[in-house]
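Structure file protein-v4.cif (mmCIF, C-alpha atoms and all ligand atoms) follows.
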data_structure
#
loop_
_atom_site.label_atom_id
_atom_site.label_comp_id
_atom_site.auth_asym_id
_atom_site.auth_seq_id
_atom_site.Cartn_x
_atom_site.Cartn_y
_atom_site.Cartn_z
CA MET D 137 -1.97 11.48 15.23
CA ARG D 138 -1.40 8.97 12.40
CA ILE D 139 -4.57 7.01 11.64
CA PRO D 140 -3.47 3.44 10.85
CA LEU D 141 -4.39 2.17 7.39
CA ILE D 142 -5.08 -1.51 6.74
CA ALA D 143 -5.20 -2.23 3.00
CA GLY D 144 -6.05 -5.45 1.18
CA ASN D 145 -4.16 -5.93 -2.07
CA TRP D 146 -6.12 -8.59 -3.90
CA LYS D 147 -3.52 -8.82 -6.70
CA MET D 148 -4.79 -10.88 -9.68
CA TYR D 149 -7.50 -12.67 -7.73
CA LYS D 150 -11.32 -12.49 -7.68
CA THR D 151 -13.84 -12.36 -10.50
CA VAL D 152 -16.61 -9.78 -10.24
CA GLY D 153 -18.88 -12.28 -8.50
CA GLU D 154 -16.16 -13.34 -6.07
CA ALA D 155 -15.22 -9.73 -5.36
CA THR D 156 -18.74 -8.58 -4.54
CA ALA D 157 -19.27 -11.65 -2.35
CA LEU D 158 -16.09 -10.92 -0.40
CA VAL D 159 -17.03 -7.26 0.06
CA ARG D 160 -20.47 -8.22 1.36
CA ASP D 161 -18.88 -10.60 3.87
CA LEU D 162 -16.40 -7.92 4.95
CA LEU D 163 -19.13 -5.34 5.44
CA ALA D 164 -21.20 -7.82 7.46
CA GLY D 165 -18.37 -8.26 9.97
CA LEU D 166 -16.73 -4.85 9.91
CA GLY D 167 -18.65 -2.78 12.45
CA SER D 168 -17.71 0.87 12.79
CA LEU D 169 -14.06 1.88 12.56
CA SER D 170 -13.19 4.86 14.76
CA ASP D 171 -9.42 4.73 15.27
CA ARG D 172 -8.32 3.10 12.01
CA GLU D 173 -8.96 3.10 8.29
CA ALA D 174 -9.45 0.06 6.04
CA ILE D 175 -9.55 -0.27 2.26
CA VAL D 176 -9.67 -2.99 -0.38
CA CYS D 177 -7.78 -2.88 -3.69
CA PRO D 178 -9.55 -5.27 -6.08
CA PRO D 179 -8.45 -5.87 -9.68
CA PHE D 180 -9.55 -3.21 -12.19
CA THR D 181 -12.36 -5.37 -13.58
CA ALA D 182 -14.12 -5.53 -10.19
CA LEU D 183 -13.81 -1.87 -9.15
CA ALA D 184 -17.08 -0.67 -10.67
CA ALA D 185 -19.05 -3.55 -9.19
CA VAL D 186 -17.56 -3.17 -5.72
CA ALA D 187 -17.72 0.64 -5.49
CA PRO D 188 -21.50 1.03 -4.93
CA LEU D 189 -21.40 -1.57 -2.14
CA LEU D 190 -18.76 0.48 -0.32
CA SER D 191 -20.38 3.90 -0.56
CA ASP D 192 -21.61 4.99 2.88
CA SER D 193 -19.53 2.20 4.44
CA PRO D 194 -16.36 2.53 6.55
CA LEU D 195 -14.46 0.47 3.97
CA GLY D 196 -12.61 2.46 1.29
CA LEU D 197 -11.56 1.63 -2.27
CA GLY D 198 -8.17 1.63 -3.94
CA ALA D 199 -6.66 0.40 -7.20
CA GLN D 200 -3.49 -1.64 -7.66
CA ASN D 201 -1.84 0.41 -10.38
CA LEU D 202 -2.31 3.30 -12.81
CA TYR D 203 -0.72 4.78 -15.90
CA PRO D 204 0.70 8.28 -15.39
CA GLU D 205 -1.27 10.06 -18.15
CA ALA D 206 -4.83 11.38 -17.98
CA GLN D 207 -5.83 9.77 -21.27
CA GLY D 208 -4.36 8.80 -24.61
CA ALA D 209 -3.27 6.02 -26.92
CA PHE D 210 -1.90 3.70 -24.23
CA THR D 211 -3.53 0.38 -25.04
CA GLY D 212 -4.34 -1.71 -22.00
CA GLU D 213 -3.63 1.00 -19.42
CA VAL D 214 -5.89 2.72 -16.87
CA SER D 215 -5.67 6.45 -16.05
CA PRO D 216 -5.96 8.33 -12.74
CA PRO D 217 -9.24 10.07 -13.75
CA MET D 218 -10.73 6.66 -14.60
CA LEU D 219 -9.89 5.46 -11.08
CA VAL D 220 -11.34 8.59 -9.49
CA ASP D 221 -14.46 8.21 -11.65
CA VAL D 222 -15.04 4.65 -10.40
CA GLY D 223 -14.70 5.70 -6.75
CA CYS D 224 -11.06 5.02 -5.86
CA ARG D 225 -9.41 7.17 -3.22
CA TYR D 226 -6.11 5.25 -3.07
CA VAL D 227 -3.79 3.59 -5.57
CA ILE D 228 -0.89 1.21 -4.97
CA VAL D 229 2.24 2.35 -6.83
CA GLY D 230 5.55 0.62 -7.38
CA HIS D 231 4.66 -2.76 -5.91
CA SER D 232 7.69 -5.07 -6.06
CA GLU D 233 5.77 -7.39 -8.38
CA ARG D 234 5.43 -4.51 -10.85
CA ARG D 235 9.07 -3.52 -10.45
CA GLN D 236 10.17 -7.15 -10.89
CA TYR D 237 7.83 -8.53 -13.58
CA PHE D 238 6.98 -5.35 -15.50
CA GLY D 239 10.29 -3.53 -15.29
CA GLU D 240 9.06 -0.46 -13.43
CA SER D 241 11.94 1.87 -12.57
CA ASP D 242 12.19 4.36 -9.71
CA ALA D 243 11.67 7.15 -12.26
CA PHE D 244 8.47 5.57 -13.60
CA VAL D 245 7.21 5.01 -10.06
CA ASN D 246 7.85 8.70 -9.37
CA ARG D 247 5.82 9.69 -12.46
CA LYS D 248 2.96 7.52 -11.25
CA ILE D 249 3.03 9.10 -7.78
CA ARG D 250 2.93 12.59 -9.27
CA ALA D 251 0.06 11.61 -11.59
CA ALA D 252 -1.92 10.09 -8.71
CA LEU D 253 -1.49 13.21 -6.56
CA ALA D 254 -2.35 15.53 -9.44
CA HIS D 255 -5.71 13.80 -9.72
CA GLY D 256 -6.53 13.60 -6.02
CA LEU D 257 -5.58 9.96 -5.49
CA ARG D 258 -3.52 8.96 -2.45
CA PRO D 259 -0.58 6.81 -3.58
CA ILE D 260 0.54 3.84 -1.48
CA VAL D 261 4.20 3.79 -2.45
CA CYS D 262 5.85 0.37 -2.12
CA VAL D 263 9.53 -0.07 -1.31
CA GLY D 264 11.52 -3.07 -0.14
CA GLU D 265 14.73 -5.02 -0.48
CA SER D 266 15.42 -8.51 -1.85
CA LYS D 267 16.87 -11.37 0.19
CA PRO D 268 20.40 -11.05 -1.29
CA GLN D 269 20.33 -7.31 -0.57
CA ARG D 270 19.34 -7.95 3.05
CA ASP D 271 21.95 -10.68 3.45
CA ALA D 272 24.57 -8.26 2.13
CA GLY D 273 23.63 -5.73 4.82
CA GLN D 274 22.29 -3.36 2.17
CA ALA D 275 18.60 -3.34 3.08
CA GLU D 276 18.50 0.08 4.70
CA PRO D 277 20.48 2.07 2.09
CA ILE D 278 18.53 0.40 -0.72
CA VAL D 279 15.12 1.05 0.79
CA THR D 280 15.87 4.65 1.77
CA ALA D 281 17.25 5.28 -1.74
CA GLN D 282 13.98 3.92 -3.18
CA VAL D 283 12.07 6.33 -0.93
CA ARG D 284 14.16 9.32 -2.07
CA ALA D 285 13.82 8.40 -5.76
CA ALA D 286 10.08 7.79 -5.50
CA LEU D 287 9.48 11.14 -3.82
CA LEU D 288 11.54 13.31 -6.18
CA ASP D 289 9.74 16.65 -6.67
CA ILE D 290 6.89 15.71 -4.32
CA THR D 291 6.16 18.72 -2.08
CA SER D 292 5.61 18.82 1.69
CA ASP D 293 1.94 19.67 1.13
CA GLN D 294 1.51 16.65 -1.13
CA MET D 295 3.14 14.35 1.43
CA THR D 296 0.05 14.44 3.63
CA ASP D 297 -1.64 12.30 0.95
CA VAL D 298 1.24 9.85 0.51
CA VAL D 299 1.42 6.47 2.25
CA ILE D 300 4.65 4.45 2.21
CA ALA D 301 4.48 0.65 2.32
CA TYR D 302 7.63 -1.20 3.38
CA GLU D 303 7.39 -4.65 1.83
CA PRO D 304 10.56 -6.74 2.01
CA ILE D 305 10.42 -8.83 -1.17
CA TRP D 306 11.52 -12.00 0.62
CA ALA D 307 8.51 -11.73 2.96
CA ILE D 308 5.86 -11.42 0.23
CA GLY D 309 3.77 -14.55 -0.18
CA THR D 310 6.35 -16.67 1.62
CA GLY D 311 4.94 -16.86 5.14
CA ASP D 312 8.35 -15.54 6.18
CA THR D 313 7.47 -12.22 7.78
CA ALA D 314 9.99 -9.67 9.06
CA THR D 315 10.31 -9.73 12.83
CA PRO D 316 8.49 -6.81 14.43
CA ALA D 317 11.89 -5.45 15.54
CA ASP D 318 13.38 -5.62 12.03
CA ALA D 319 10.28 -4.04 10.52
CA GLN D 320 10.30 -1.31 13.17
CA ALA D 321 13.98 -0.58 12.47
CA MET D 322 13.31 -0.11 8.76
CA HIS D 323 10.22 2.00 9.39
CA ALA D 324 12.29 4.25 11.67
CA ALA D 325 14.95 4.56 8.93
CA ILE D 326 12.26 5.49 6.38
CA ARG D 327 10.83 8.08 8.77
CA ALA D 328 14.30 9.52 9.35
CA THR D 329 14.68 9.85 5.58
CA LEU D 330 11.33 11.65 5.39
CA ALA D 331 12.52 13.99 8.15
CA GLU D 332 15.64 14.81 6.14
CA LEU D 333 13.55 15.51 3.06
CA TYR D 334 10.57 17.30 4.60
CA GLY D 335 11.28 18.06 8.25
CA ALA D 336 10.13 16.44 11.46
CA ASP D 337 6.47 17.48 11.33
CA VAL D 338 5.81 15.99 7.90
CA ALA D 339 7.79 12.87 8.79
CA ALA D 340 5.69 12.40 11.92
CA ALA D 341 2.46 12.67 9.92
CA VAL D 342 3.18 10.24 7.06
CA ARG D 343 1.81 6.73 7.46
CA ILE D 344 4.22 3.85 6.86
CA GLN D 345 2.62 0.44 6.36
CA TYR D 346 4.31 -2.94 6.67
CA GLY D 347 3.58 -5.65 4.09
CA GLY D 348 4.79 -9.22 3.61
CA SER D 349 2.99 -12.26 5.05
CA VAL D 350 0.85 -10.21 7.42
CA LYS D 351 -1.56 -12.67 9.04
CA PRO D 352 -4.10 -12.74 11.88
CA ASP D 353 -1.44 -14.24 14.17
CA ASN D 354 1.25 -11.59 13.62
CA ILE D 355 -0.71 -8.37 13.05
CA ASP D 356 -1.03 -7.44 16.73
CA GLU D 357 2.70 -7.42 17.47
CA LEU D 358 3.48 -5.65 14.21
CA MET D 359 0.94 -2.91 14.98
CA ALA D 360 2.39 -2.54 18.47
CA GLN D 361 5.59 -1.07 16.95
CA PRO D 362 5.71 2.72 17.20
CA ASP D 363 6.51 3.41 13.53
CA ILE D 364 4.23 0.78 11.95
CA ASP D 365 1.07 2.61 10.91
CA GLY D 366 -0.84 -0.12 9.15
CA ALA D 367 -0.47 -3.10 6.87
CA LEU D 368 -0.60 -3.89 3.18
CA VAL D 369 -2.02 -7.39 3.10
CA GLY D 370 -1.98 -9.82 0.19
CA GLY D 371 -3.03 -13.44 0.73
CA ALA D 372 -4.74 -12.92 4.07
CA SER D 373 -6.99 -10.21 2.56
CA LEU D 374 -8.64 -12.72 0.20
CA GLN D 375 -10.88 -14.26 2.87
CA ALA D 376 -13.26 -12.21 4.98
CA ALA D 377 -12.46 -13.86 8.32
CA SER D 378 -8.70 -13.36 8.14
CA PHE D 379 -8.86 -9.82 6.75
CA LEU D 380 -11.46 -8.81 9.35
CA ARG D 381 -9.20 -10.13 12.12
CA ILE D 382 -6.32 -8.08 10.70
CA ILE D 383 -8.48 -4.94 10.42
CA HIS D 384 -9.59 -5.50 14.02
CA TYR D 385 -6.01 -5.82 15.31
CA GLN D 386 -5.60 -5.18 19.03
P1 LIG D 401 1.30 -11.32 1.18
O1 LIG D 401 0.51 -10.74 2.32
O2 LIG D 401 0.53 -12.37 0.43
O3 LIG D 401 2.66 -11.74 1.60
O4 LIG D 401 1.49 -10.13 0.10
C1 LIG D 401 2.01 -8.93 0.55
C2 LIG D 401 1.88 -7.94 -0.54
O5 LIG D 401 2.57 -8.01 -1.55
C3 LIG D 401 0.87 -6.88 -0.40
O6 LIG D 401 1.01 -5.90 -1.37
#

Let me see the file written as C-alpha cells.
Amino acid sequence: MRIPLIAGNWKMYKTVGEATALVRDLLAGLGSLSDREAIVCPPFTALAAVAPLLSDSPLGLGAQNLYPEAQGAFTGEVSPPMLVDVGCRYVIVGHSERRQYFGESDAFVNRKIRAALAHGLRPIVCVGESKPQRDAGQAEPIVTAQVRAALLDITSDQMTDVVIAYEPIWAIGTGDTATPADAQAMHAAIRATLAELYGADVAAAVRIQYGGSVKPDNIDELMAQPDIDGALVGGASLQAASFLRIIHYQ
C-alpha cells in the first residue's frame, strides 16, 4: 500500500551542464517504474534546466530547501510557489546539514512543512540523531521528539503528502550505514509515533525513508525491512550507474 520512494539529494553538487547530463543518463537506464517512485533533488540553479527533461518521464523533481513565505524581501531565499512553478513536486525539509550549519530549529522546520503543504508540495521531513546521542541511548526519544515537533498542527489529511526521512547524522557521508535491523527499529518507532498522533490508518500510509550511506550494495537489505519505504540518497545519487542500481533495488 505504500509506494516506495527513492530520492537523490544532490546537495551542493552539479552545474547546469553536469545536472542535465546526469538526468539524461538516468533516463536512458531507468525503464518504466511500476511499483516504486524515484525523484532527483538538484540544486536550485539546475531545476529549470532539468525540469523539461523530466516531463513525461517516470522520474520526478524535488528541491532541497525552501523559505516558508510565498514572496517578499527575503534576499537569497526561494519560495514554495517558485518551486511549484519550476516543476517541483517534492521538497526536502529539515535536513541535518541545514539544522547543523544553518541553525534551523524544529519550529522553523515545522513552518517550512506547513508552507510546502499549503502550496501543494510534498515535504520530505528529515530527522535523525547524532553519534553521541545514539551512544547515550537517546536516539529513539530524540528522533521521535523531532517527528512530533516537525508535525505540530499538521492534519491527518495533510499527512498523506508527507514523507519522513530517518537519517542518522553519523551515517551521512561516512560510509557507516545503520544496520538494517537498527534502521528498521527506528522506523517502527517513528511509525508508532505517527499512530499516536494520527491513528493506525494514517501511520500505515506514511512513507518513511532511510538515508545515510545508502549504496548499491546495501539498498536491497534495507528495502527488505517492513517499515523502510524508500531511501534518501546523497553521494551514490551523483552517478547514474549507482543511483540506477539503487532505484532498481530488488
Ligand atoms: P549520503 O548518502 O552521501 O550518506 O547522504 C545522505 C543524505 O544526507 C541524503 O540526504

Between chain D and ligand LIG 401 (chain D), at 10 Å or less, what are the per-residue closest atom pairs and their distances in Å? Count only C-alpha atoms and all ligand atoms, order by chain and rising residue number, and return it as JSON lines.
{"residue": "D:Ala143", "atom": "CA", "partner": "D:LIG401", "partner_atom": "C3", "distance": 8.4}
{"residue": "D:Gly144", "atom": "CA", "partner": "D:LIG401", "partner_atom": "C3", "distance": 7.2}
{"residue": "D:Asn145", "atom": "CA", "partner": "D:LIG401", "partner_atom": "O6", "distance": 5.2}
{"residue": "D:Trp146", "atom": "CA", "partner": "D:LIG401", "partner_atom": "C3", "distance": 8.0}
{"residue": "D:Lys147", "atom": "CA", "partner": "D:LIG401", "partner_atom": "O6", "distance": 7.6}
{"residue": "D:Cys177", "atom": "CA", "partner": "D:LIG401", "partner_atom": "O6", "distance": 9.6}
{"residue": "D:Gln200", "atom": "CA", "partner": "D:LIG401", "partner_atom": "O6", "distance": 8.8}
{"residue": "D:Ile228", "atom": "CA", "partner": "D:LIG401", "partner_atom": "O6", "distance": 8.2}
{"residue": "D:Val229", "atom": "CA", "partner": "D:LIG401", "partner_atom": "O6", "distance": 10.0}
{"residue": "D:Gly230", "atom": "CA", "partner": "D:LIG401", "partner_atom": "O6", "distance": 10.0}
{"residue": "D:His231", "atom": "CA", "partner": "D:LIG401", "partner_atom": "O6", "distance": 6.6}
{"residue": "D:Ser232", "atom": "CA", "partner": "D:LIG401", "partner_atom": "O5", "distance": 7.4}
{"residue": "D:Glu233", "atom": "CA", "partner": "D:LIG401", "partner_atom": "O5", "distance": 7.6}
{"residue": "D:Ile260", "atom": "CA", "partner": "D:LIG401", "partner_atom": "O6", "distance": 9.8}
{"residue": "D:Cys262", "atom": "CA", "partner": "D:LIG401", "partner_atom": "O6", "distance": 8.0}
{"residue": "D:Ala301", "atom": "CA", "partner": "D:LIG401", "partner_atom": "O6", "distance": 8.3}
{"residue": "D:Tyr302", "atom": "CA", "partner": "D:LIG401", "partner_atom": "O6", "distance": 9.4}
{"residue": "D:Glu303", "atom": "CA", "partner": "D:LIG401", "partner_atom": "O5", "distance": 6.8}
{"residue": "D:Pro304", "atom": "CA", "partner": "D:LIG401", "partner_atom": "O5", "distance": 8.8}
{"residue": "D:Ile305", "atom": "CA", "partner": "D:LIG401", "partner_atom": "O5", "distance": 7.9}
{"residue": "D:Trp306", "atom": "CA", "partner": "D:LIG401", "partner_atom": "O3", "distance": 8.9}
{"residue": "D:Ala307", "atom": "CA", "partner": "D:LIG401", "partner_atom": "O3", "distance": 6.0}
{"residue": "D:Ile308", "atom": "CA", "partner": "D:LIG401", "partner_atom": "O3", "distance": 3.5}
{"residue": "D:Gly309", "atom": "CA", "partner": "D:LIG401", "partner_atom": "O3", "distance": 3.5}
{"residue": "D:Thr310", "atom": "CA", "partner": "D:LIG401", "partner_atom": "O3", "distance": 6.2}
{"residue": "D:Gly311", "atom": "CA", "partner": "D:LIG401", "partner_atom": "O3", "distance": 6.6}
{"residue": "D:Asp312", "atom": "CA", "partner": "D:LIG401", "partner_atom": "O3", "distance": 8.2}
{"residue": "D:Thr313", "atom": "CA", "partner": "D:LIG401", "partner_atom": "O3", "distance": 7.8}
{"residue": "D:Tyr346", "atom": "CA", "partner": "D:LIG401", "partner_atom": "C3", "distance": 8.8}
{"residue": "D:Gly347", "atom": "CA", "partner": "D:LIG401", "partner_atom": "C1", "distance": 5.1}
{"residue": "D:Gly348", "atom": "CA", "partner": "D:LIG401", "partner_atom": "O3", "distance": 3.9}
{"residue": "D:Ser349", "atom": "CA", "partner": "D:LIG401", "partner_atom": "O3", "distance": 3.5}
{"residue": "D:Val350", "atom": "CA", "partner": "D:LIG401", "partner_atom": "O1", "distance": 5.1}
{"residue": "D:Lys351", "atom": "CA", "partner": "D:LIG401", "partner_atom": "O1", "distance": 7.3}
{"residue": "D:Ala367", "atom": "CA", "partner": "D:LIG401", "partner_atom": "C3", "distance": 8.3}
{"residue": "D:Leu368", "atom": "CA", "partner": "D:LIG401", "partner_atom": "C3", "distance": 4.9}
{"residue": "D:Val369", "atom": "CA", "partner": "D:LIG401", "partner_atom": "O1", "distance": 4.3}
{"residue": "D:Gly370", "atom": "CA", "partner": "D:LIG401", "partner_atom": "O1", "distance": 3.4}
{"residue": "D:Gly371", "atom": "CA", "partner": "D:LIG401", "partner_atom": "O2", "distance": 3.7}
{"residue": "D:Ala372", "atom": "CA", "partner": "D:LIG401", "partner_atom": "O1", "distance": 5.9}
{"residue": "D:Ser373", "atom": "CA", "partner": "D:LIG401", "partner_atom": "O1", "distance": 7.5}
{"residue": "D:Leu374", "atom": "CA", "partner": "D:LIG401", "partner_atom": "O2", "distance": 9.2}

Once you have the residues from the selection above, write them out as a compact mmCIF listing (two decimals), in the frame of the given file, restricted to C-alpha atoms.
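What ended up in out_7.txt:
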# COMPACT_ATOMS: atom_id res chain seq x y z
CA ALA D 143 -5.20 -2.23 3.00
CA GLY D 144 -6.05 -5.45 1.18
CA ASN D 145 -4.16 -5.93 -2.07
CA TRP D 146 -6.12 -8.59 -3.90
CA LYS D 147 -3.52 -8.82 -6.70
CA CYS D 177 -7.78 -2.88 -3.69
CA GLN D 200 -3.49 -1.64 -7.66
CA ILE D 228 -0.89 1.21 -4.97
CA VAL D 229 2.24 2.35 -6.83
CA GLY D 230 5.55 0.62 -7.38
CA HIS D 231 4.66 -2.76 -5.91
CA SER D 232 7.69 -5.07 -6.06
CA GLU D 233 5.77 -7.39 -8.38
CA ILE D 260 0.54 3.84 -1.48
CA CYS D 262 5.85 0.37 -2.12
CA ALA D 301 4.48 0.65 2.32
CA TYR D 302 7.63 -1.20 3.38
CA GLU D 303 7.39 -4.65 1.83
CA PRO D 304 10.56 -6.74 2.01
CA ILE D 305 10.42 -8.83 -1.17
CA TRP D 306 11.52 -12.00 0.62
CA ALA D 307 8.51 -11.73 2.96
CA ILE D 308 5.86 -11.42 0.23
CA GLY D 309 3.77 -14.55 -0.18
CA THR D 310 6.35 -16.67 1.62
CA GLY D 311 4.94 -16.86 5.14
CA ASP D 312 8.35 -15.54 6.18
CA THR D 313 7.47 -12.22 7.78
CA TYR D 346 4.31 -2.94 6.67
CA GLY D 347 3.58 -5.65 4.09
CA GLY D 348 4.79 -9.22 3.61
CA SER D 349 2.99 -12.26 5.05
CA VAL D 350 0.85 -10.21 7.42
CA LYS D 351 -1.56 -12.67 9.04
CA ALA D 367 -0.47 -3.10 6.87
CA LEU D 368 -0.60 -3.89 3.18
CA VAL D 369 -2.02 -7.39 3.10
CA GLY D 370 -1.98 -9.82 0.19
CA GLY D 371 -3.03 -13.44 0.73
CA ALA D 372 -4.74 -12.92 4.07
CA SER D 373 -6.99 -10.21 2.56
CA LEU D 374 -8.64 -12.72 0.20

Inset, instruction - Identify which of the residues D:Leu219, D:Leu287, D:Ile383, D:Val186 lies closest to D:Val152, counting all atoms listed in the file when measuring atom-to-atom distances. - result: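 Among the listed residues, D:Val186 lies closest to D:Val152.
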
Show me the residues around (4.5, -5.5, 22.4) - criterion: an atom at most 12 Å away, all atoms listed in the file counted - as a PDB file with C-alpha atoms, in the coordinates of the input.
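Result file is out-v5.pdb:
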ATOM      1  CA  THR D 315      10.310  -9.730  12.830  1.00  0.00           C
ATOM      2  CA  PRO D 316       8.490  -6.810  14.430  1.00  0.00           C
ATOM      3  CA  ALA D 317      11.890  -5.450  15.540  1.00  0.00           C
ATOM      4  CA  GLN D 320      10.300  -1.310  13.170  1.00  0.00           C
ATOM      5  CA  ASN D 354       1.250 -11.590  13.620  1.00  0.00           C
ATOM      6  CA  ILE D 355      -0.710  -8.370  13.050  1.00  0.00           C
ATOM      7  CA  ASP D 356      -1.030  -7.440  16.730  1.00  0.00           C
ATOM      8  CA  GLU D 357       2.700  -7.420  17.470  1.00  0.00           C
ATOM      9  CA  LEU D 358       3.480  -5.650  14.210  1.00  0.00           C
ATOM     10  CA  MET D 359       0.940  -2.910  14.980  1.00  0.00           C
ATOM     11  CA  ALA D 360       2.390  -2.540  18.470  1.00  0.00           C
ATOM     12  CA  GLN D 361       5.590  -1.070  16.950  1.00  0.00           C
ATOM     13  CA  PRO D 362       5.710   2.720  17.200  1.00  0.00           C
ATOM     14  CA  GLN D 386      -5.600  -5.180  19.030  1.00  0.00           C
TER      15      GLN D 386
END

Inset, instruction - Find the residues around stretch 239-250 of chain D up to 7 Å (only C-alpha atoms counted), leave out those fewer than 5 positions away in its own chain, and share them as a PyMOL selection string. - result: chain D and resi 202-204+229-230+234+259+282+285-288

Inset, instruction - Give as a list of chain:residue names the set of residues within 7 Å of the point (15.2, -1.2, -0.3), where distances use the file's coordinates and all atoms listed in the file. - result: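 The residues near that point, listed by chain and number, are D:Val263, D:Gly264, D:Glu265, D:Ala275, D:Glu276, D:Pro277, D:Ile278, D:Val279, D:Thr280, D:Ala281, D:Gln282.
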
Legend entry - Neighbour list for D:Gly223 as a ChimeraX atom specification, cut-off 9 Å, all atoms listed in the file, skip fewer than 6 positions in-chain: /D:183-184,187-188,191,196-198

Inset, instruction - Fewer than 3 positions away in the same chain doesn't count, so skip those; otherwise give me all residues within 10 Å of stretch 328-337 of chain D, counting only C-alpha atoms, as a ChimeraX atom specification. - result: /D:280-281,283-284,287-288,290-293,295,322-325,340-342

Inset, instruction - Could you tell me how far atom CA of D:Ala164 lies from atom CA of D:Gln345, in Å and to one decimal? - result: 25.2 Å

Legend entry - Atomic distance atom CA of D:Ile326 - atom CA of D:Val261, expressed in Å with one decimal: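 Answer for the atom CA of D:Ile326 to atom CA of D:Val261 separation: 12.1 Å.
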
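Nearest-residue note for D:Asp363: choosing from D:Ala319, D:Leu253, D:Ala376, D:Met218, the minimum distance belongs to D:Ala319, counting only C-alpha atoms.
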
Inset, instruction - Measure the distance from atom CA of D:Val176 to atom CA of D:Val299 in Å and round it to one decimal. - result: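 About the pair atom CA of D:Val176 and atom CA of D:Val299: they are 14.8 Å apart.
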